[in-house]
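Here's final19.csv, which has CSV, C-alpha atoms and all ligand atoms:
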chain,number,residue,atom,x,y,z
A,1,MET,CA,74.4,-11.2,-139.6
A,2,VAL,CA,71.6,-11.4,-142.1
A,3,ILE,CA,69.8,-8.1,-142.8
A,4,ASP,CA,66.2,-9.3,-143.3
A,5,LEU,CA,64.1,-6.5,-144.8
A,6,ARG,CA,61.4,-8.8,-146.2
A,7,SER,CA,58.9,-8.0,-143.5
A,8,ASP,CA,58.5,-6.9,-139.9
A,9,THR,CA,57.0,-10.3,-139.2
A,10,VAL,CA,60.6,-11.6,-139.0
A,11,THR,CA,61.3,-9.8,-135.7
A,12,LYS,CA,62.4,-12.1,-132.9
A,13,PRO,CA,61.1,-11.8,-129.3
A,14,THR,CA,63.3,-9.4,-127.3
A,15,PRO,CA,65.1,-10.5,-124.1
A,16,ALA,CA,62.5,-8.7,-122.0
A,17,MET,CA,59.8,-10.7,-123.8
A,18,ARG,CA,61.6,-14.0,-123.2
A,19,GLU,CA,61.9,-13.2,-119.5
A,20,ALA,CA,58.2,-12.3,-119.3
A,21,MET,CA,57.2,-15.5,-121.1
A,22,ALA,CA,59.2,-17.6,-118.7
A,23,LYS,CA,57.6,-15.9,-115.7
A,24,ALA,CA,54.0,-15.7,-117.1
A,25,GLU,CA,51.2,-16.8,-114.9
A,26,VAL,CA,48.9,-19.1,-116.9
A,27,GLY,CA,45.5,-20.8,-116.9
A,28,ASP,CA,43.2,-22.4,-119.4
A,29,ASP,CA,42.2,-19.6,-121.7
A,30,VAL,CA,39.3,-21.5,-123.3
A,31,TYR,CA,37.8,-21.3,-119.7
A,32,GLU,CA,38.8,-17.6,-119.7
A,33,GLU,CA,41.1,-18.4,-116.8
A,34,ASP,CA,44.5,-17.3,-118.1
A,35,PRO,CA,45.3,-14.2,-116.0
A,36,THR,CA,48.0,-13.0,-118.5
A,37,VAL,CA,45.6,-13.2,-121.5
A,38,ASN,CA,42.8,-11.5,-119.5
A,39,LYS,CA,45.2,-8.7,-118.5
A,40,LEU,CA,46.3,-8.2,-122.1
A,41,GLU,CA,42.7,-8.3,-123.5
A,42,ASP,CA,41.5,-5.8,-120.9
A,43,TYR,CA,44.4,-3.5,-121.6
A,44,ALA,CA,43.9,-3.6,-125.4
A,45,ALA,CA,40.1,-3.0,-125.0
A,46,ASP,CA,40.9,0.1,-122.8
A,47,LEU,CA,43.5,1.4,-125.2
A,48,LEU,CA,41.1,1.3,-128.2
A,49,LYS,CA,38.1,2.4,-126.0
A,50,LYS,CA,36.2,-0.7,-127.0
A,51,GLU,CA,34.2,-2.9,-124.6
A,52,ALA,CA,36.1,-6.1,-125.0
A,53,ALA,CA,39.0,-7.8,-126.7
A,54,LEU,CA,40.1,-11.3,-127.7
A,55,PHE,CA,43.6,-12.7,-128.1
A,56,VAL,CA,43.9,-14.7,-131.4
A,57,PRO,CA,46.8,-16.5,-132.9
A,58,SER,CA,47.3,-14.4,-136.0
A,59,GLY,CA,46.1,-11.3,-137.9
A,60,THR,CA,44.6,-13.6,-140.6
A,61,MET,CA,42.5,-15.3,-137.9
A,62,GLY,CA,41.5,-12.0,-136.4
A,63,ASN,CA,40.2,-10.7,-139.7
A,64,LEU,CA,38.5,-14.1,-140.5
A,65,ILE,CA,36.8,-14.2,-137.1
A,66,ALA,CA,35.6,-10.6,-137.5
A,67,ILE,CA,34.1,-11.4,-140.9
A,68,LEU,CA,32.4,-14.6,-139.7
A,69,THR,CA,31.0,-12.8,-136.7
A,70,HIS,CA,29.5,-9.9,-138.7
A,71,CYS,CA,28.3,-11.9,-141.8
A,72,GLN,CA,26.2,-14.9,-142.8
A,73,ARG,CA,26.8,-17.1,-145.8
A,74,GLY,CA,26.0,-15.3,-149.0
A,75,ASP,CA,26.6,-11.8,-147.5
A,76,GLU,CA,28.9,-9.4,-149.3
A,77,MET,CA,31.8,-7.4,-147.9
A,78,ILE,CA,33.1,-4.3,-149.5
A,79,MET,CA,36.9,-4.0,-149.5
A,80,GLY,CA,39.9,-2.7,-151.5
A,81,ASN,CA,41.3,-4.8,-154.3
A,82,LEU,CA,44.7,-4.5,-152.6
A,83,ALA,CA,43.5,-5.4,-149.1
A,84,HIS,CA,45.6,-8.0,-147.3
A,85,THR,CA,42.4,-9.8,-146.4
A,86,PHE,CA,41.6,-10.1,-150.1
A,87,LEU,CA,45.0,-10.9,-151.5
A,88,TYR,CA,46.9,-12.8,-148.8
A,89,GLU,CA,44.5,-14.6,-146.5
A,90,ALA,CA,43.9,-17.7,-148.7
A,91,GLY,CA,40.3,-16.7,-149.4
A,92,GLY,CA,39.3,-17.7,-145.9
A,93,MET,CA,36.2,-15.5,-145.9
A,94,ALA,CA,34.8,-17.4,-149.0
A,95,ALA,CA,36.1,-20.8,-148.1
A,96,LEU,CA,35.0,-20.8,-144.5
A,97,GLY,CA,32.3,-18.2,-144.3
A,98,GLY,CA,30.7,-18.2,-147.8
A,99,VAL,CA,31.2,-14.4,-147.8
A,100,ILE,CA,31.6,-12.7,-151.2
A,101,PRO,CA,34.4,-10.1,-151.4
A,102,HIS,CA,33.1,-7.1,-153.4
A,103,THR,CA,36.4,-5.5,-154.3
A,104,LEU,CA,36.8,-1.8,-155.3
A,105,GLN,CA,39.9,-0.1,-156.5
A,106,ASN,CA,42.3,1.0,-153.8
A,107,GLU,CA,43.7,4.5,-154.5
A,108,SER,CA,47.4,5.0,-153.9
A,109,ASP,CA,46.7,6.5,-150.5
A,110,GLY,CA,45.0,3.3,-149.3
A,111,THR,CA,41.5,4.8,-149.6
A,112,ILE,CA,38.6,3.6,-151.8
A,113,ARG,CA,36.6,6.4,-153.4
A,114,LEU,CA,33.5,7.2,-151.4
A,115,GLU,CA,31.3,7.3,-154.5
A,116,ALA,CA,32.5,3.8,-155.4
A,117,ILE,CA,31.6,2.5,-151.9
A,118,GLN,CA,28.2,4.2,-152.1
A,119,ALA,CA,27.5,2.7,-155.6
A,120,ALA,CA,28.6,-0.8,-154.5
A,121,ILE,CA,26.0,-1.1,-151.7
A,122,ARG,CA,23.2,-3.4,-152.8
A,123,GLU,CA,19.6,-2.4,-152.8
A,124,LYS,CA,17.3,-4.7,-150.9
A,125,ASP,CA,16.2,-7.0,-153.7
A,126,VAL,CA,15.7,-10.8,-153.7
A,127,HIS,CA,18.2,-11.1,-156.6
A,128,PHE,CA,21.1,-9.5,-154.8
A,129,PRO,CA,23.5,-10.6,-152.1
A,130,ARG,CA,23.2,-8.6,-148.9
A,131,THR,CA,26.0,-6.0,-148.3
A,132,ARG,CA,26.9,-6.5,-144.7
A,133,MET,CA,30.2,-4.8,-144.0
A,134,ILE,CA,33.1,-2.7,-145.1
A,135,THR,CA,36.7,-3.5,-144.3
A,136,LEU,CA,39.5,-0.9,-144.4
A,137,GLU,CA,43.2,-1.4,-143.7
A,138,ASN,CA,45.5,1.0,-141.7
A,139,THR,CA,48.4,1.2,-142.3
A,140,HIS,CA,47.8,-0.1,-145.8
A,141,ASN,CA,50.4,-2.6,-146.7
A,142,ARG,CA,50.2,-3.0,-150.5
A,143,CYS,CA,49.6,0.7,-151.0
A,144,GLY,CA,53.0,1.4,-149.4
A,145,GLY,CA,52.5,1.2,-145.6
A,146,VAL,CA,50.4,4.4,-145.9
A,147,VAL,CA,48.2,5.9,-143.2
A,148,LEU,CA,44.5,6.3,-143.8
A,149,PRO,CA,43.4,9.9,-143.2
A,150,GLU,CA,41.2,10.0,-140.0
A,151,GLU,CA,38.7,12.3,-141.8
A,152,TYR,CA,38.3,9.6,-144.5
A,153,THR,CA,37.3,6.9,-142.1
A,154,HIS,CA,34.6,9.3,-140.7
A,155,GLN,CA,33.2,9.7,-144.2
A,156,VAL,CA,33.1,5.9,-144.8
A,157,ALA,CA,31.5,5.5,-141.4
A,158,LYS,CA,28.7,7.9,-142.3
A,159,ILE,CA,27.9,5.8,-145.4
A,160,ALA,CA,28.1,2.6,-143.3
A,161,GLN,CA,25.7,4.0,-140.7
A,162,LYS,CA,23.2,5.2,-143.3
A,163,HIS,CA,23.1,1.6,-144.8
A,164,ASP,CA,23.4,-0.3,-141.5
A,165,LEU,CA,26.7,-1.8,-142.4
A,166,LYS,CA,29.4,-3.0,-140.1
A,167,MET,CA,32.9,-1.5,-140.3
A,168,HIS,CA,36.0,-3.6,-139.7
A,169,LEU,CA,39.6,-2.4,-139.6
A,170,ASP,CA,42.5,-4.6,-140.5
A,171,GLY,CA,44.9,-2.7,-138.2
A,172,ALA,CA,47.8,-5.2,-138.4
A,173,ARG,CA,50.1,-2.2,-138.2
A,174,LEU,CA,47.7,0.2,-136.3
A,175,PHE,CA,50.5,1.3,-134.0
A,176,ASN,CA,52.6,2.4,-136.9
A,177,ALA,CA,49.7,4.7,-137.9
A,178,VAL,CA,49.3,5.9,-134.3
A,179,VAL,CA,53.0,6.8,-134.1
A,180,LYS,CA,53.0,8.4,-137.5
A,181,THR,CA,49.9,10.6,-136.9
A,182,LYS,CA,50.6,11.2,-133.2
A,183,SER,CA,46.9,10.4,-132.8
A,184,THR,CA,45.6,7.7,-130.4
A,185,ALA,CA,44.6,4.1,-131.2
A,186,ALA,CA,41.2,5.0,-129.8
A,187,ALA,CA,40.7,8.0,-132.2
A,188,LEU,CA,41.9,6.1,-135.2
A,189,THR,CA,39.5,3.2,-134.5
A,190,ALA,CA,36.5,5.0,-133.1
A,191,ASP,CA,34.5,4.5,-136.4
A,192,PHE,CA,34.9,0.7,-136.4
A,193,ASP,CA,32.7,-2.0,-135.0
A,194,SER,CA,35.7,-4.3,-134.9
A,195,VAL,CA,39.4,-3.9,-135.1
A,196,SER,CA,42.2,-6.4,-135.4
A,197,PHE,CA,45.9,-5.5,-134.7
A,198,CYS,CA,49.0,-7.5,-134.6
A,199,LEU,CA,51.5,-8.0,-131.8
A,200,SER,CA,53.8,-10.0,-134.0
A,201,LYS,CA,55.0,-7.4,-136.5
A,202,GLY,CA,56.8,-4.2,-135.4
A,203,LEU,CA,55.8,-5.0,-131.8
A,204,CYS,CA,58.1,-8.1,-131.9
A,205,ALA,CA,55.9,-10.7,-130.2
A,206,PRO,CA,56.5,-14.2,-131.6
A,207,VAL,CA,52.7,-14.9,-132.0
A,208,GLY,CA,49.4,-13.1,-131.6
A,209,SER,CA,46.9,-10.5,-132.6
A,210,ILE,CA,44.0,-8.8,-130.8
A,211,LEU,CA,40.5,-8.4,-132.0
A,212,CYS,CA,38.5,-5.7,-130.3
A,213,GLY,CA,34.8,-4.7,-130.4
A,214,SER,CA,31.6,-4.5,-128.4
A,215,ARG,CA,31.0,-7.1,-125.6
A,216,ALA,CA,28.3,-8.8,-127.7
A,217,PHE,CA,30.6,-8.9,-130.7
A,218,ILE,CA,33.5,-10.4,-128.7
A,219,THR,CA,31.2,-13.0,-127.1
A,220,LYS,CA,30.2,-14.2,-130.5
A,221,ALA,CA,33.8,-13.9,-131.8
A,222,ARG,CA,35.0,-16.1,-128.9
A,223,ARG,CA,32.7,-18.9,-130.1
A,224,ILE,CA,33.9,-18.6,-133.7
A,225,ARG,CA,37.5,-18.6,-132.6
A,226,LYS,CA,36.8,-22.0,-131.0
A,227,GLN,CA,35.1,-23.2,-134.2
A,228,VAL,CA,38.1,-22.3,-136.4
A,229,GLY,CA,40.5,-24.0,-133.9
A,230,GLY,CA,41.9,-20.8,-132.4
A,231,GLY,CA,40.9,-21.5,-128.8
A,232,MET,CA,44.2,-21.9,-126.9
A,233,ARG,CA,45.0,-23.2,-123.4
A,234,GLN,CA,47.9,-21.9,-121.2
A,235,VAL,CA,48.6,-19.2,-123.8
A,236,GLY,CA,49.7,-16.6,-121.2
A,237,VAL,CA,53.2,-17.5,-122.2
A,238,LEU,CA,52.5,-15.9,-125.6
A,239,ALA,CA,50.3,-13.1,-124.3
A,240,ALA,CA,53.1,-12.1,-121.9
A,241,ALA,CA,55.3,-11.4,-125.0
A,242,GLY,CA,52.4,-9.4,-126.5
A,243,TRP,CA,52.1,-7.4,-123.3
A,244,VAL,CA,55.7,-6.4,-123.4
A,245,GLY,CA,55.3,-5.3,-127.1
A,246,LEU,CA,52.2,-3.3,-126.5
A,247,THR,CA,53.3,-1.6,-123.4
A,248,THR,CA,57.0,-0.9,-124.2
A,249,LEU,CA,57.7,-1.1,-127.9
A,250,VAL,CA,55.1,1.2,-129.5
A,251,ASP,CA,57.2,4.5,-129.3
A,252,ARG,CA,60.2,2.8,-130.9
A,253,LEU,CA,58.2,2.3,-134.1
A,254,GLU,CA,59.3,5.9,-134.7
A,255,ASP,CA,62.9,4.6,-135.2
A,256,ASP,CA,61.7,2.2,-137.9
A,257,HIS,CA,60.0,5.1,-139.7
A,258,ARG,CA,63.1,7.3,-139.5
A,259,ARG,CA,65.3,4.5,-140.8
A,260,ALA,CA,62.8,3.8,-143.7
A,261,LYS,CA,63.2,7.5,-144.7
A,262,ILE,CA,67.0,7.3,-144.6
A,263,LEU,CA,66.9,4.1,-146.6
A,264,ALA,CA,64.6,5.6,-149.3
A,265,GLU,CA,66.7,8.8,-149.5
A,266,GLY,CA,69.9,6.7,-149.9
A,267,LEU,CA,68.3,4.4,-152.5
A,268,SER,CA,66.8,7.3,-154.5
A,269,GLN,CA,70.4,8.5,-155.2
A,270,ILE,CA,71.2,5.3,-157.1
A,271,PRO,CA,70.7,5.6,-160.9
A,272,GLY,CA,67.9,3.2,-162.0
A,273,ILE,CA,66.1,3.1,-158.7
A,274,LYS,CA,62.8,5.0,-158.3
A,275,ILE,CA,61.1,5.2,-154.9
A,276,ARG,CA,57.3,4.9,-155.3
A,277,PRO,CA,55.2,8.0,-154.6
A,278,ASN,CA,53.7,8.0,-151.1
A,279,SER,CA,56.7,5.9,-149.9
A,280,PRO,CA,57.8,5.7,-147.2
A,281,GLN,CA,55.2,7.0,-144.8
A,282,THR,CA,55.9,4.5,-142.1
A,283,ASN,CA,58.2,1.4,-142.1
A,284,MET,CA,57.9,0.3,-145.7
A,285,VAL,CA,59.9,1.4,-148.7
A,286,PHE,CA,58.4,0.5,-152.0
A,287,MET,CA,60.8,1.0,-155.0
A,288,ASP,CA,61.0,0.1,-158.7
A,289,ILE,CA,64.0,-0.7,-160.9
A,290,ASP,CA,64.0,1.1,-164.3
A,291,PRO,CA,63.2,-1.5,-166.9
A,292,SER,CA,66.2,-0.2,-169.0
A,293,ILE,CA,68.5,-1.8,-166.3
A,294,LYS,CA,68.8,-5.3,-167.8
A,295,LYS,CA,68.4,-7.2,-164.5
A,296,SER,CA,65.3,-8.9,-163.2
A,297,THR,CA,64.2,-8.4,-159.6
A,298,SER,CA,65.0,-12.0,-158.9
A,299,GLU,CA,68.6,-11.6,-160.2
A,300,ILE,CA,68.9,-8.5,-158.0
A,301,SER,CA,67.5,-10.2,-154.9
A,302,GLN,CA,69.8,-13.2,-155.5
A,303,GLN,CA,72.9,-10.9,-155.7
A,304,LEU,CA,71.8,-9.0,-152.5
A,305,LYS,CA,71.3,-12.4,-150.8
A,306,MET,CA,75.0,-13.1,-151.4
A,307,ASP,CA,75.7,-10.0,-149.3
A,308,GLU,CA,73.3,-11.4,-146.7
A,309,ILE,CA,70.6,-8.9,-147.5
A,310,LEU,CA,67.0,-10.2,-147.9
A,311,VAL,CA,64.4,-8.1,-149.7
A,312,GLY,CA,60.8,-8.7,-150.7
A,313,GLU,CA,59.9,-8.6,-154.4
A,314,ALA,CA,56.8,-6.4,-155.3
A,315,GLY,CA,55.6,-6.6,-158.8
A,316,LEU,CA,57.6,-7.1,-162.0
A,317,TYR,CA,60.3,-4.5,-161.3
A,318,GLY,CA,59.7,-3.7,-157.7
A,319,PHE,CA,60.8,-4.4,-154.2
A,320,ARG,CA,59.4,-3.9,-150.7
A,321,LEU,CA,61.8,-3.2,-147.9
A,322,VAL,CA,60.5,-3.2,-144.4
A,323,THR,CA,62.3,-1.7,-141.4
A,324,HIS,CA,61.8,-3.2,-137.9
A,325,HIS,CA,63.3,-3.7,-134.5
A,326,ASP,CA,66.2,-5.9,-135.8
A,327,ILE,CA,67.3,-3.4,-138.4
A,328,ASP,CA,69.8,-0.8,-137.1
A,329,ASP,CA,71.4,2.3,-138.7
A,330,ASN,CA,74.4,0.2,-139.8
A,331,ALA,CA,72.0,-2.3,-141.6
A,332,ILE,CA,70.5,0.6,-143.5
A,333,GLN,CA,73.9,1.9,-144.7
A,334,LYS,CA,74.9,-1.7,-145.7
A,335,THR,CA,71.7,-2.1,-147.7
A,336,ILE,CA,72.2,1.2,-149.6
A,337,ALA,CA,75.8,0.2,-150.4
A,338,ALA,CA,74.8,-3.3,-151.5
A,339,PHE,CA,72.1,-1.9,-153.9
A,340,SER,CA,74.6,0.6,-155.2
A,341,LYS,CA,77.0,-2.3,-156.1
A,342,VAL,CA,74.2,-4.5,-157.6
A,343,MET,CA,72.9,-1.6,-159.8
A,344,ARG,CA,76.3,-0.8,-161.3
A,345,PRO,CA,76.2,-1.6,-165.1
A,401,LIG,C1,47.8,-5.7,-143.4
A,401,LIG,C2,47.9,-7.1,-142.9
A,401,LIG,N1,46.9,-7.6,-142.4
A,401,LIG,C3,46.9,-8.9,-141.9
A,401,LIG,C4,48.1,-9.6,-141.9
A,401,LIG,C5,48.1,-11.0,-141.4
A,401,LIG,O1,48.8,-11.2,-140.3
A,401,LIG,P1,49.3,-12.7,-139.9
A,401,LIG,O2,50.6,-12.9,-140.7
A,401,LIG,O3,49.6,-12.6,-138.4
A,401,LIG,O4,48.3,-13.7,-140.2
A,401,LIG,C6,49.2,-9.0,-142.4
A,401,LIG,C7,50.5,-9.8,-142.4
A,401,LIG,O5,51.5,-9.4,-142.9
A,401,LIG,C8,49.2,-7.7,-142.9
A,401,LIG,O6,50.2,-7.1,-143.5

Written as structure tokens, how would this file's structure read?
Amino acid sequence: MVIDLRSDTVTKPTPAMREAMAKAEVGDDVYEEDPTVNKLEDYAADLLKKEAALFVPSGTMGNLIAILTHCQRGDEMIMGNLAHTFLYEAGGMAALGGVIPHTLQNESDGTIRLEAIQAAIREKDVHFPRTRMITLENTHNRCGGVVLPEEYTHQVAKIAQKHDLKMHLDGARLFNAVVKTKSTAAALTADFDSVSFCLSKGLCAPVGSILCGSRAFITKARRIRKQVGGGMRQVGVLAAAGWVGLTTLVDRLEDDHRRAKILAEGLSQIPGIKIRPNSPQTNMVFMDIDPSIKKSTSEISQQLKMDEILVGEAGLYGFRLVTHHDIDDNAIQKTIAAFSKVMRP
């Protein structure tokens, strides 16, 4: 069987999910009449202690809807230069919302320096775009699947309040942060006006993300979801899978974190492999190959592929390996052995 470590997005729906999908009660969700979607949205809003929630097709759409809801054309959003929304969401905020990304350097722990945020906020002046919002990411994907310190988000929120800015969290892997910190989703998101999190990554659902916020925010977001074509009909069949993920699969993310650690420890023993600092905190292992090893990352990943192991390339000499529901202890040992073979001179 193929060992697919490229991402936790490759997880397949579990048998319990397929059963729940088959039995799901459905209705027209654009009319807000799908009982399974309504139940999932209410549960998610309660969990994050927000007033309301909205089921959306993807994390990308959740982030886009949040930005379009908070901002007007020509507004500016402060975000990290390694944010998923900046790097990998096809420029949707600019293409569809006319929103200007004001990127600031992400530190290796996923934070942006507070002084840099403070300095980036525009004064009220007819020449300047209006700074409208700040987006953070937790866990932070490109920074290594790292968890944002809770105290840090409080500090950013203080700045946001002072300048009347909205705070959005791209919490695609929020529950990895919850499990890692042993905090609650509500505590980790208390500072944010809006939060998106994914059901389709470590939580194994085939499709779906949730956007949470105040009732007024979600009412506006629901209209924008329709505008961007994300209003779905008898979508309880998908929400049912998300329900199983959110109510039964959060605690098992701990297994992914444990396996990522074992994987990193095993790989770190192989000459020529360096695990990046900060990695792994959750379910992502970021590693680099010493340039003196005369093999490119694509050569290495091609050789691993012959052993039915798929990995993600990250930078000129690097890889990202992501553990998830479909990666067991045996897969971890096979991966370490395969790297060991490929790295032999
Ligand atoms: C941090 C982060 N945000 C957002 C997304 C987008 O999610 P989706 O693939 O559901 O659009 C991803 C996807 O990997 C992600 O890693």

query = Which residues come within 7 Å of Val311 in chain A, counting all atoms listed in the file, excluding same-chain residues fewer than 4 positions away, as a list of chain:residue names?
reply =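 Within the cut-off, the hits are A:Asp4, A:Leu5, A:Arg6, A:Ser301, A:Phe319, A:Arg320, A:Leu321.
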
request  = Name the closest residue to Pro35 in chain A among the candidates A:Ala240, A:Ala221, A:Val285, A:Leu47; distances are taken between atoms, counting all atoms listed in the file.
outcome  = A:Ala240

Determine, using only C-alpha atoms and all ligand atoms, which residues of chain A have any atom at most 6 Å from an atom of ligand LIG 401 (chain A), and tabulate each with its shortest atom pair and distance in Å to one decimal place, rows ordered by chain and then rising number, as JSON lines.
{"residue": "A:Ser58", "atom": "CA", "partner": "A:LIG401", "partner_atom": "O3", "distance": 3.8}
{"residue": "A:Gly59", "atom": "CA", "partner": "A:LIG401", "partner_atom": "O1", "distance": 3.6}
{"residue": "A:Thr60", "atom": "CA", "partner": "A:LIG401", "partner_atom": "O4", "distance": 3.7}
{"residue": "A:His84", "atom": "CA", "partner": "A:LIG401", "partner_atom": "C1", "distance": 5.0}
{"residue": "A:Asn141", "atom": "CA", "partner": "A:LIG401", "partner_atom": "C1", "distance": 5.2}
{"residue": "A:Asp170", "atom": "CA", "partner": "A:LIG401", "partner_atom": "N1", "distance": 5.7}
{"residue": "A:Ala172", "atom": "CA", "partner": "A:LIG401", "partner_atom": "N1", "distance": 4.8}

inquiry  = Distance cut-off 9 Å, centre (54.2, -0.4, -146.4) in file coordinates, counting only C-alpha atoms: which residues qualify? Return them as a list in words.
reply    =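 Every polymer residue passing the test: Thr139, His140, Asn141, Arg142, Cys143, Gly144, Gly145, Val146, Ser279, Pro280, Gln281, Thr282, Asn283, Met284, Val285, Phe286, Arg320, Leu321 and Val322 of chain A.
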
message = If we count all atoms listed in the file and set the cut-off at 12 Å, which residues sit around Cys198 in chain A, ignoring sequence neighbours fewer than 4 positions away in its own chain? Please answer as number ranges by chain.
response = A: 8-9, 44, 54-63, 138-139, 169-176, 202-212, 239, 242-243, 245-246, 250

task = State, in Å with one decimal place, the distance from CA of Leu114 in chain A to CA of Ala157 in chain A.
result =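 It comes out at 10.3 Å.
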
ask   = Which residue, A:Val2, A:Ile67, A:Val10, A:Val179, has the smallest gap to Thr323 in chain A when you use only C-alpha atoms?
value = A:Val10

request  = Extract, using all atoms listed in the file, all DNA, RNA and protein residues at most 7 Å from Arg215 in chain A, discarding same-chain residues fewer than 2 positions from it, and format them as a list in words.
outcome  = Glu51, Ala52, Gly213, Phe217, Ile218 and Thr219 of chain A

task = Measure the distance from CA of Leu48 in chain A to CA of Arg73 in chain A in Å and round it to one decimal.
result =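 If I compute the distance from CA of Leu48 in chain A to CA of Arg73 in chain A, I get 29.2 Å.
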
key: Å distance separating CA of Glu299 in chain A from CA of Thr85 in chain A, one decimal place   = 29.7 Å

request  = Find, counting only C-alpha atoms, the residue in A:Gly236, A:Leu249, A:Arg130, A:Met167 that gets nearest to Leu199 in chain A.
outcome  = A:Leu249

request  = Within 12 Å of Ile159 in chain A, counting all atoms listed in the file, which residues show up once you throw out same-chain ones fewer than 6 positions away? Write them as JSON, numbers by chain, please.
outcome  = {"A": [113, 114, 115, 116, 117, 118, 119, 120, 121, 133, 134, 152, 153, 165, 166, 167, 191]}

Keeping C-alpha atoms for every residue in the selection just given, could you write it to a file as a PDB file, keeping the file's coordinate frame?
ATOM      1  CA  ARG A 113      36.600   6.400-153.400  1.00  0.00           C
ATOM      2  CA  LEU A 114      33.500   7.200-151.400  1.00  0.00           C
ATOM      3  CA  GLU A 115      31.300   7.300-154.500  1.00  0.00           C
ATOM      4  CA  ALA A 116      32.500   3.800-155.400  1.00  0.00           C
ATOM      5  CA  ILE A 117      31.600   2.500-151.900  1.00  0.00           C
ATOM      6  CA  GLN A 118      28.200   4.200-152.100  1.00  0.00           C
ATOM      7  CA  ALA A 119      27.500   2.700-155.600  1.00  0.00           C
ATOM      8  CA  ALA A 120      28.600  -0.800-154.500  1.00  0.00           C
ATOM      9  CA  ILE A 121      26.000  -1.100-151.700  1.00  0.00           C
ATOM     10  CA  MET A 133      30.200  -4.800-144.000  1.00  0.00           C
ATOM     11  CA  ILE A 134      33.100  -2.700-145.100  1.00  0.00           C
ATOM     12  CA  TYR A 152      38.300   9.600-144.500  1.00  0.00           C
ATOM     13  CA  THR A 153      37.300   6.900-142.100  1.00  0.00           C
ATOM     14  CA  LEU A 165      26.700  -1.800-142.400  1.00  0.00           C
ATOM     15  CA  LYS A 166      29.400  -3.000-140.100  1.00  0.00           C
ATOM     16  CA  MET A 167      32.900  -1.500-140.300  1.00  0.00           C
ATOM     17  CA  ASP A 191      34.500   4.500-136.400  1.00  0.00           C
TER      18      ASP A 191
END

task = Have a look at A:Arg344, A:His163, A:Arg233, A:His324 and name the one nearest to Glu123 in chain A; count all atoms listed in the file.
result =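 Looking only at the distances to Glu123 in chain A, the closest residue turns out to be A:His163.
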
message = When you count all atoms listed in the file, which of these residues is closest to Val342 in chain A: A:Tyr317, A:Gln303, A:Asp329, A:Phe197?
response =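 With all atoms listed in the file as the atom set, the closest residue is A:Gln303.
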
key: Nearest residue to Leu304 in chain A from the set A:Ala22, A:Ile336, A:Ile289, A:Leu238 (distances using all atoms listed in the file)   =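 Ranked by minimum distance to Leu304 in chain A, first place goes to A:Ile336.
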
Generate N, CA and C atoms for range 316-327 of chain A and emit them as a compact mmCIF listing (two decimals), in the coordinates of the input.
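Output (out.txt):
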# COMPACT_ATOMS: atom_id res chain seq x y z
N LEU A 316 56.59 -6.64 -161.03
CA LEU A 316 57.60 -7.10 -162.00
C LEU A 316 58.94 -6.45 -161.81
N TYR A 317 58.96 -5.15 -161.45
CA TYR A 317 60.30 -4.50 -161.30
C TYR A 317 60.48 -3.92 -159.92
N GLY A 318 59.65 -4.35 -158.98
CA GLY A 318 59.70 -3.70 -157.70
C GLY A 318 60.15 -4.48 -156.51
N PHE A 319 60.46 -3.74 -155.44
CA PHE A 319 60.80 -4.40 -154.20
C PHE A 319 60.09 -3.68 -153.03
N ARG A 320 59.88 -4.45 -151.96
CA ARG A 320 59.40 -3.90 -150.70
C ARG A 320 60.44 -4.16 -149.65
N LEU A 321 60.86 -3.08 -148.98
CA LEU A 321 61.80 -3.20 -147.90
C LEU A 321 61.16 -2.71 -146.62
N VAL A 322 61.19 -3.53 -145.59
CA VAL A 322 60.50 -3.20 -144.40
C VAL A 322 61.46 -3.07 -143.20
N THR A 323 61.43 -1.92 -142.54
CA THR A 323 62.30 -1.70 -141.40
C THR A 323 61.59 -2.20 -140.12
N HIS A 324 62.39 -2.63 -139.14
CA HIS A 324 61.80 -3.20 -137.90
C HIS A 324 62.87 -3.18 -136.80
N HIS A 325 62.50 -3.74 -135.67
CA HIS A 325 63.30 -3.70 -134.50
C HIS A 325 64.75 -4.28 -134.70
N ASP A 326 64.88 -5.25 -135.60
CA ASP A 326 66.20 -5.90 -135.80
C ASP A 326 67.00 -5.29 -136.91
N ILE A 327 66.57 -4.12 -137.38
CA ILE A 327 67.30 -3.40 -138.40
C ILE A 327 67.85 -2.10 -137.81
